[in-house]
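Student: Here you go, this is target34.tsv (TSV, C-alpha atoms).
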chain	number	residue	atom	x	y	z
Y	273	MET	CA	6.71	63.22	35.73
Y	274	LEU	CA	4.77	60.17	34.62
Y	275	ARG	CA	6.50	56.86	33.98
Y	276	LEU	CA	4.35	54.45	31.97
Y	277	GLY	CA	1.32	56.54	32.94
Y	278	ARG	CA	2.02	56.48	36.69
Y	279	LEU	CA	2.97	59.54	38.69
Y	280	LEU	CA	6.48	59.40	40.15
Y	281	PRO	CA	6.52	60.02	43.93
Y	282	GLU	CA	8.93	62.98	43.73
Y	283	ALA	CA	8.50	65.92	41.38
Y	284	LYS	CA	11.51	66.86	39.28
Y	285	THR	CA	13.19	70.10	40.29
Y	286	ALA	CA	14.30	73.00	38.12
Y	287	GLY	CA	17.27	72.45	35.86
Y	288	MET	CA	18.16	69.68	33.48
Y	289	ASN	CA	16.14	66.49	33.79
Y	290	LEU	CA	16.61	63.29	31.83
Y	291	VAL	CA	13.36	62.08	30.25
Y	292	LEU	CA	13.24	58.63	28.67
Y	293	TRP	CA	10.66	59.23	25.97
Y	294	PRO	CA	8.20	57.41	25.25
Y	295	ILE	CA	8.36	55.70	28.66
Y	296	GLU	CA	8.31	58.96	30.62
Y	297	THR	CA	6.29	62.13	30.17
Y	298	LEU	CA	7.31	65.41	31.79
Y	299	TYR	CA	4.63	67.97	32.67
Y	300	ARG	CA	5.62	71.50	33.62
Y	301	ILE	CA	3.59	73.15	36.37
Y	302	ASN	CA	4.09	76.82	37.14
Y	303	LEU	CA	4.83	77.32	40.84
Y	304	ARG	CA	4.72	81.11	40.64
Y	305	LEU	CA	1.81	83.25	41.81
Y	306	GLU	CA	-0.88	83.30	39.12
Y	307	THR	CA	-3.70	85.77	38.58
Y	308	LEU	CA	-7.01	84.39	37.44
Y	309	ASP	CA	-9.94	86.61	36.46
Y	310	VAL	CA	-13.21	84.99	37.47
Y	311	PRO	CA	-15.76	85.68	34.69
Y	312	PRO	CA	-18.56	88.12	35.60
Y	313	GLN	CA	-21.78	86.54	36.77
Y	314	ASP	CA	-25.21	87.60	38.00
Y	315	ILE	CA	-25.63	87.16	41.72
Y	316	ILE	CA	-28.60	87.62	44.04
Y	317	THR	CA	-27.85	89.24	47.40
Y	318	ARG	CA	-29.71	88.48	50.63
Y	319	ASP	CA	-31.99	91.49	50.04
Y	320	ASN	CA	-32.92	90.10	46.57
Y	321	VAL	CA	-30.88	92.53	44.48
Y	322	PHE	CA	-29.47	91.21	41.21
Y	323	ARG	CA	-25.95	92.39	40.52
Y	324	LYS	CA	-23.04	91.48	38.30
Y	325	SER	CA	-19.65	90.99	39.91
Y	326	GLU	CA	-16.13	90.37	38.64
Y	327	ARG	CA	-13.44	88.98	40.92
Y	328	ARG	CA	-9.73	88.33	40.66
Y	329	LEU	CA	-8.15	85.30	42.28
Y	330	LEU	CA	-4.45	85.02	43.11
Y	331	PHE	CA	-3.17	81.50	43.69
Y	332	ARG	CA	-0.11	79.32	43.38
Y	333	VAL	CA	0.63	75.62	43.25
Y	334	VAL	CA	2.44	74.52	46.42
Y	335	ASP	CA	2.59	70.78	45.69
Y	336	ALA	CA	3.08	69.93	42.00
Y	337	ASN	CA	2.51	66.18	42.42
Y	338	LEU	CA	-0.71	66.71	44.36
Y	339	ALA	CA	-1.95	69.25	41.80
Y	340	MET	CA	-1.05	66.90	38.95
Y	341	SER	CA	-2.91	63.97	40.48
Y	342	GLN	CA	-5.96	65.85	41.79
Y	343	VAL	CA	-6.75	68.54	39.19
Y	344	ARG	CA	-7.02	68.01	35.47
Y	345	ILE	CA	-6.55	71.61	34.32
Y	346	ILE	CA	-5.01	73.66	37.10
Y	347	ASN	CA	-6.17	77.11	35.92
Y	348	THR	CA	-9.84	76.31	35.33
Y	349	ARG	CA	-10.72	74.36	38.48
Y	350	PRO	CA	-10.04	77.22	40.95
Y	351	SER	CA	-12.05	79.54	38.67
Y	352	GLN	CA	-15.05	77.20	38.65
Y	353	LEU	CA	-14.84	76.79	42.42
Y	354	ALA	CA	-14.61	80.57	42.86
Y	355	GLN	CA	-17.73	81.10	40.75
Y	356	THR	CA	-19.88	78.69	42.75
Y	357	THR	CA	-18.49	79.84	46.10
Y	358	LEU	CA	-19.01	83.49	45.16
Y	359	ARG	CA	-22.71	82.90	44.50
Y	360	SER	CA	-23.24	81.20	47.85
Y	361	ILE	CA	-21.20	83.69	49.91
Y	362	VAL	CA	-22.61	86.85	48.33
Y	363	GLY	CA	-26.11	85.47	48.85
Y	364	GLN	CA	-25.46	85.73	52.60
Y	365	PHE	CA	-24.82	89.51	52.48
Y	366	GLU	CA	-27.02	92.50	51.65
Y	367	LEU	CA	-26.01	94.94	48.91
Y	368	ASP	CA	-25.01	97.66	51.42
Y	369	GLU	CA	-22.72	95.22	53.23
Y	370	ILE	CA	-21.08	94.10	50.00
Y	371	LEU	CA	-20.38	97.67	48.92
Y	372	SER	CA	-19.20	98.93	52.33
Y	373	GLN	CA	-17.43	95.80	53.64
Y	374	ARG	CA	-15.71	94.33	50.59
Y	375	ASP	CA	-12.72	93.27	52.67
Y	376	LYS	CA	-14.95	91.16	54.92
Y	377	VAL	CA	-16.62	89.47	51.94
Y	378	ASN	CA	-13.26	88.90	50.21
Y	379	ALA	CA	-11.68	87.47	53.38
Y	380	LYS	CA	-14.55	85.03	53.90
Y	381	LEU	CA	-14.36	83.98	50.26
Y	382	GLN	CA	-10.59	83.51	50.44
Y	383	ILE	CA	-10.79	81.32	53.55
Y	384	ILE	CA	-13.38	79.04	51.95
Y	385	LEU	CA	-11.51	78.80	48.62
Y	386	ASP	CA	-8.17	78.16	50.33
Y	387	THR	CA	-9.70	75.40	52.45
Y	388	ASP	CA	-11.28	73.80	49.38
Y	389	THR	CA	-8.16	73.99	47.19
Y	390	GLU	CA	-5.68	72.81	49.85
Y	391	PRO	CA	-6.23	69.09	49.04
Y	392	TRP	CA	-5.30	69.90	45.43
Y	393	GLY	CA	-1.92	71.37	46.38
Y	394	ILE	CA	-3.10	74.90	45.53
Y	395	LYS	CA	-2.90	77.92	47.89
Y	396	VAL	CA	-5.29	80.85	47.31
Y	397	SER	CA	-3.36	83.97	48.29
Y	398	LYS	CA	-5.95	86.67	47.70
Y	399	VAL	CA	-9.43	87.30	46.37
Y	400	GLU	CA	-10.33	90.83	45.32
Y	401	VAL	CA	-13.30	92.61	43.79
Y	402	LYS	CA	-12.53	93.99	40.35
Y	403	GLN	CA	-15.89	95.51	39.58
Y	404	VAL	CA	-19.40	95.62	41.01
Y	405	ASP	CA	-22.15	96.50	38.56
Y	406	ILE	CA	-25.33	97.78	40.15
Y	407	PRO	CA	-28.48	97.95	37.99
Y	408	GLU	CA	-29.36	101.49	36.82
Y	409	GLN	CA	-32.70	101.44	38.68
Y	410	MET	CA	-30.86	100.60	41.89
Y	411	GLN	CA	-28.33	103.41	41.29
Y	412	ARG	CA	-31.19	105.92	40.97
Y	413	ALA	CA	-32.86	104.58	44.12
Y	414	ILE	CA	-29.58	104.83	46.07
Y	415	ALA	CA	-29.07	108.40	44.80
Y	416	ARG	CA	-32.61	109.38	45.88
Y	417	GLN	CA	-32.05	107.84	49.30
Y	418	ALA	CA	-28.72	109.68	49.73
Y	419	GLU	CA	-30.32	112.97	48.66
Y	420	ALA	CA	-33.18	112.51	51.14
Y	421	GLU	CA	-30.62	111.78	53.89
Y	422	ARG	CA	-28.66	114.96	53.04
Y	423	GLU	CA	-31.87	117.04	53.11
Y	424	ARG	CA	-32.84	115.54	56.48
Y	425	ARG	CA	-29.41	116.39	57.91
Y	426	ALA	CA	-29.61	119.93	56.49
Y	427	LYS	CA	-33.03	120.47	58.12
Y	428	ASP	CA	-31.76	119.08	61.46
Y	429	HIS	CA	-28.72	121.37	61.27
Y	430	SER	CA	-30.79	124.46	60.40
Y	431	CYS	CA	-33.27	123.74	63.23
Y	432	ARG	CA	-30.44	123.64	65.77
Y	433	GLY	CA	-28.84	126.85	64.53
Would you write the structure of this file as structure tokens?

Tutor:
Amino acid sequence: MLRLGRLLPEAKTAGMNLVLWPIETLYRINLRLETLDVPPQDIITRDNVFRKSERRLLFRVVDANLAMSQVRIINTRPSQLAQTTLRSIVGQFELDEILSQRDKVNAKLQIILDTDTEPWGIKVSKVEVKQVDIPEQMQRAIARQAEAERERRAKDHSCRG
């Protein structure tokens, strides 16, 4: 609640609250877990592969007064932070690592986002990969590599038998 434009030290709790309009202004901040879809963006991995990635961010406000005083629009700021952090973190991994160790990438991303949003009174609960788009040329190259590996294993197996 703001009184004459200044934030009151204690947030109002649920239930009926007396607001002396126009002296006081009451802002409602959702304290429940919120899901935020981070818009897809092109990212370059450590092995110089361009890919498009979509992520989902789960967060909640733990301190309404802190969030009110530190963040202008609560839903957009974590999304913007997630976009910039995603680019820097994914750039540290190769494409194979991202595809095979998503949990490791997500955990690292969550730790960084949670640390960055803590001063805002926001707790990031989870970061998860929604979709990973791999360019069609890369998909064909991966398929050729997998086929060559299967043929090599088949030849090794037939030579032993």

Student: One number please: atom CA of Y:Arg327 to atom CA of Y:Lys398, in Å, one decimal.

Tutor: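 Rounded to one decimal, the two atoms are 10.4 Å apart.
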
Student: Please report the interatomic distance between atom CA of Y:Gln352 and atom CA of Y:Trp392 in Å with one decimal.

Tutor: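 Answer for the atom CA of Y:Gln352 to atom CA of Y:Trp392 separation: 13.9 Å.
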
Student: May I ask for the distance between atom CA of Y:Leu329 and atom CA of Y:Ser341, given in Å to one decimal place?

Tutor: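 Answer for the atom CA of Y:Leu329 to atom CA of Y:Ser341 separation: 22.0 Å.
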
Student: With 12 Å as the cut-off and all atoms listed in the file counted, what is the closest atom pair between each nearby residue of stretch 332-373 of chain Y and stretch 283-290 of chain Y? Distances in Å to one decimal, ordered by chain and number, as JSON lines.

Tutor:
{"residue": "Y:Val334", "atom": "CA", "partner": "Y:Ala283", "partner_atom": "CA", "distance": 11.7}
{"residue": "Y:Asp335", "atom": "CA", "partner": "Y:Ala283", "partner_atom": "CA", "distance": 8.8}
{"residue": "Y:Ala336", "atom": "CA", "partner": "Y:Ala283", "partner_atom": "CA", "distance": 6.8}
{"residue": "Y:Asn337", "atom": "CA", "partner": "Y:Ala283", "partner_atom": "CA", "distance": 6.1}
{"residue": "Y:Leu338", "atom": "CA", "partner": "Y:Ala283", "partner_atom": "CA", "distance": 9.7}
{"residue": "Y:Ala339", "atom": "CA", "partner": "Y:Ala283", "partner_atom": "CA", "distance": 11.0}
{"residue": "Y:Met340", "atom": "CA", "partner": "Y:Ala283", "partner_atom": "CA", "distance": 9.9}
{"residue": "Y:Ser341", "atom": "CA", "partner": "Y:Ala283", "partner_atom": "CA", "distance": 11.6}

Student: How would the residues just picked look written out with C-alpha atoms as an mmCIF file, in the coordinates of the input?

Tutor:
data_model
loop_
_atom_site.group_PDB
_atom_site.id
_atom_site.type_symbol
_atom_site.label_atom_id
_atom_site.label_comp_id
_atom_site.auth_asym_id
_atom_site.auth_seq_id
_atom_site.Cartn_x
_atom_site.Cartn_y
_atom_site.Cartn_z
ATOM 1 C CA VAL Y 334 2.440 74.520 46.420
ATOM 2 C CA ASP Y 335 2.590 70.780 45.690
ATOM 3 C CA ALA Y 336 3.080 69.930 42.000
ATOM 4 C CA ASN Y 337 2.510 66.180 42.420
ATOM 5 C CA LEU Y 338 -0.710 66.710 44.360
ATOM 6 C CA ALA Y 339 -1.950 69.250 41.800
ATOM 7 C CA MET Y 340 -1.050 66.900 38.950
ATOM 8 C CA SER Y 341 -2.910 63.970 40.480
#

Student: Find the residues around Y:Thr389 up to 12 Å (only C-alpha atoms counted), leave out those fewer than 4 positions away in its own chain, and share them as JSON, numbers by chain.

Tutor: {"Y": [331, 332, 333, 334, 335, 338, 339, 342, 343, 346, 347, 349, 350, 351, 352, 353, 354, 357, 382, 383, 384, 385, 393, 394, 395, 396, 397]}

Student: Enclose the full set of atoms of stretch 311-319 of chain Y listed in the file within a box whose edges lie along x, y and z, apply 8 Å of padding to each of the six sides, and report centre and edge lengths in Å to one decimal as lines of an AutoDock Vina configuration file.

Tutor:
center_x = -23.9
center_y = 88.6
center_z = 42.7
size_x = 32.2
size_y = 21.8
size_z = 31.9

Student: For the point (-5.7, 85.5, 34.9) in the file's frame, write as a list in words all residues with an atom no more than 9 Å away, counting only C-alpha atoms.

Tutor: Glu306, Thr307, Leu308, Asp309, Val310, Arg328, Leu329, Leu330 and Asn347 of chain Y

Student: For those residues, write C-alpha atoms to a file as a PDB file, in the coordinates of the input.

Tutor:
ATOM      1  CA  GLU Y 306      -0.880  83.300  39.120  1.00  0.00           C
ATOM      2  CA  THR Y 307      -3.700  85.770  38.580  1.00  0.00           C
ATOM      3  CA  LEU Y 308      -7.010  84.390  37.440  1.00  0.00           C
ATOM      4  CA  ASP Y 309      -9.940  86.610  36.460  1.00  0.00           C
ATOM      5  CA  VAL Y 310     -13.210  84.990  37.470  1.00  0.00           C
ATOM      6  CA  ARG Y 328      -9.730  88.330  40.660  1.00  0.00           C
ATOM      7  CA  LEU Y 329      -8.150  85.300  42.280  1.00  0.00           C
ATOM      8  CA  LEU Y 330      -4.450  85.020  43.110  1.00  0.00           C
ATOM      9  CA  ASN Y 347      -6.170  77.110  35.920  1.00  0.00           C
TER      10      ASN Y 347
END

Student: Which of these residues is nearest to Y:Asp368, using only C-alpha atoms: Y:Val401, Y:Asp319, Y:Asp388, Y:Ser325?

Tutor: Y:Asp319
